[in-house]
Amino acid sequence: MGESEEAITLKIIIIGMGVIFLLSLSVIIFFIVYQRRLLAQQKERQKLEFDYQKELLKTSILSQEEERSRIAKELHDDVGAMLTTSKLYFGQITPALPLDEFNEITLKMNGFLNEMIRSVRHISQDLRPVVLEKLGLIEALQSLGQTINDSGKIKVFFKNNTTNSIRKSRELNIYRIIQELITNTLKHANASIIKIELKNENDALVILYQDNGKGLDKQEVLHKKGLGLKNIESRLSVLSGNINFLTTAKGFKVEIVC
Ligand SMILES: Nc1ncnc2c1ncn2[C@@H]1O[C@H](COP(=O)(O)OP(=O)(O)OP(=O)(O)O)[C@@H](O)[C@H]1O
Ligand SMILES: [Mg+2]
């Protein structure tokens, strides 16, 4: 005897419900697993971001310390030494000193004082470039390029195609970034030409920097980052900008957007 129709319907309903139950269960399980993984990924991202910020802070503190010790060294070695020598000469001046010796000593002391004035000016100029303060970033960069051109070792081509003005509060950071790039070219690249172009793209400032030296591989950058490049990143994080290392046939090329 076959099953009654009701029994078959009941069976179908029970099986159907079972299938629906299993389906919902798997959806729920999938959802929980997915949510967990998302959370883990988010945590991982947060940790990476945190580590990066920590690294930037460390760089910024380290370079501040380095700058301080450099200034201390300059003060001690240049200004301090010259003051000591001047004091020594000054001690030799007595009422009994013959006039020709007196003249010789004052001449030397005058020389030392001039040296000292130059030294102090150099230190303060280094701390906060006067041209930057007085004439703004573009003029300061032009002047920096000129100074390097005058050294005769390397040619700097500076092109300003900006149409927007640059906020005063951002100028020093941008100046220091370009200064570090130039220093790197002088130190590592063995180049004969530096090209710097400033322009605007969608209200952002774009800096194109390029030299024709031995270059730096994109992959190499990751391992080679010294205080200089980390410092650039740290300054860019203040400016909410970023740096792209571009590949060229010859030399080193970066694009900075900030
Ligand atoms: N223009 C360049 N051409 C070729 N190599 C470069 C150039 N700029 C940087 N590099 C390479 O990248 C490395 C990292 O540069 P970075 O400025 O971070 O450190 P550094 O110049 O060696 O030291 P620091 O800047 O801390 O005094 C350099 O040691 C150099 O090998
Ligand atoms: Mg450097």
# chains A, B, ... in the order shown; residues from 1 in each chain; ligands from 1
>>> closest_atom_pairs(of="chain A", to="ligand 2", cutoff="10 Å", atoms="only C-alpha atoms and all ligand atoms", output="tab-separated table")
residue	atom	partner	partner_atom_place_in_ligand_line	distance
A:Gln179	CA	ligand 2	1 (Mg)	9.5
A:Glu180	CA	ligand 2	1 (Mg)	5.9
A:Leu181	CA	ligand 2	1 (Mg)	7.1
A:Ile182	CA	ligand 2	1 (Mg)	8.7
A:Thr183	CA	ligand 2	1 (Mg)	6.3
A:Asn184	CA	ligand 2	1 (Mg)	4.7
A:Thr185	CA	ligand 2	1 (Mg)	8.5
A:Leu186	CA	ligand 2	1 (Mg)	9.5
A:Lys187	CA	ligand 2	1 (Mg)	7.6
A:His188	CA	ligand 2	1 (Mg)	8.3
A:Lys225	CA	ligand 2	1 (Mg)	8.7
A:Gly226	CA	ligand 2	1 (Mg)	6.6
A:Leu227	CA	ligand 2	1 (Mg)	6.7
A:Gly228	CA	ligand 2	1 (Mg)	4.0
A:Leu229	CA	ligand 2	1 (Mg)	6.3
A:Lys230	CA	ligand 2	1 (Mg)	9.2
A:Asn231	CA	ligand 2	1 (Mg)	9.0
A:Ile232	CA	ligand 2	1 (Mg)	9.5
>>> select_by_dssp(residues="segment 60-191 of chain A", states="alpha helix (DSSP H)", output="number ranges by chain")
A: 60-74, 81-92, 99-127, 130-135, 137-150, 168-184
>>> closest_residue(among="A:Gly145, A:Gly136, A:Gly213, A:Gly241", to="ligand 1", atoms="only C-alpha atoms and all ligand atoms")
A:Gly213
>>> closest_residue(among="A:Ser63, A:His122, A:Thr106, A:Thr94", to="ligand 1", atoms="only C-alpha atoms and all ligand atoms")
A:Ser63
>>> atom_distance(atom1="atom CA of Ser192 of chain A", atom2="atom 20 (P, counted along the ligand's line) of ligand 1")
19.0 Å
>>> select_by_dssp(residues="segment 5-239 of chain A", states="strand (DSSP E)", output="compact mmCIF listing (two decimals) with C-alpha atoms, in the first residue's frame")
# COMPACT_ATOMS: atom_id res chain seq x y z
CA LYS A 155 73.33 72.41 -13.42
CA VAL A 156 69.93 73.05 -11.87
CA PHE A 157 66.94 73.82 -14.09
CA PHE A 158 64.03 75.15 -12.12
CA LYS A 159 60.65 75.68 -13.74
CA ASN A 160 57.72 77.23 -11.95
CA ASN A 161 54.40 76.57 -13.65
CA ILE A 193 71.76 67.90 -14.30
CA ILE A 194 68.85 68.43 -11.91
CA LYS A 195 65.41 69.37 -13.20
CA ILE A 196 62.73 70.65 -10.84
CA GLU A 197 59.26 71.58 -11.97
CA LEU A 198 56.42 72.90 -9.85
CA LYS A 199 52.87 72.93 -11.16
CA ASN A 200 49.25 72.66 -10.07
CA GLU A 201 46.89 69.79 -10.77
CA ALA A 204 47.19 70.24 -5.52
CA LEU A 205 50.83 71.18 -5.85
CA VAL A 206 52.85 68.78 -7.98
CA ILE A 207 56.62 68.68 -7.74
CA LEU A 208 58.54 66.82 -10.43
CA TYR A 209 62.13 66.19 -9.49
CA GLN A 210 64.66 64.49 -11.71
CA ASP A 211 68.41 64.01 -12.02
>>> closest_residue(among="A:Leu62, A:Glu233, A:Ile14, A:Lys214", to="ligand 1", atoms="only C-alpha atoms and all ligand atoms")
A:Lys214
>>> residues_around(residues="Lys168 of chain A", least_positions_apart="3", cutoff="12 Å", atoms="only C-alpha atoms", output="ChimeraX atom specification")
/A:132-138,165,171-175
>>> atom_distance(atom1="atom CA of Val79 of chain A", atom2="atom CA of Glu66 of chain A")
18.9 Å
>>> atom_distance(atom1="atom CA of Tyr52 of chain A", atom2="atom CA of Asn244 of chain A")
17.2 Å
>>> residues_around(residues="segment 80-88 of chain A", least_positions_apart="5", cutoff="7 Å", atoms="only C-alpha atoms", output="list in words")
Leu75, Met109, Phe112 and Met116 of chain A
>>> write_last_selection(atoms="C-alpha atoms", output="short mmCIF file (atom, residue, chain, number, x, y, z; two decimals), in the first residue's frame")
data_model
loop_
_atom_site.label_atom_id
_atom_site.label_comp_id
_atom_site.auth_asym_id
_atom_site.auth_seq_id
_atom_site.Cartn_x
_atom_site.Cartn_y
_atom_site.Cartn_z
CA LEU A 75 78.31 76.36 17.43
CA MET A 109 90.64 89.81 15.76
CA PHE A 112 87.87 86.33 13.48
CA MET A 116 82.02 84.53 13.41
#
>>> closest_residue(among="A:Val19, A:Ile32, A:Leu216, A:Val27", to="Thr248 of chain A", atoms="only C-alpha atoms")
A:Leu216
>>> closest_residue(among="A:Ser60, A:Val131, A:Leu113, A:Asp150", to="ligand 1", atoms="only C-alpha atoms and all ligand atoms")
A:Ser60
>>> closest_residue(among="A:Ser237, A:Asn149, A:Thr9, A:Gln64", to="ligand 1", atoms="only C-alpha atoms and all ligand atoms")
A:Gln64
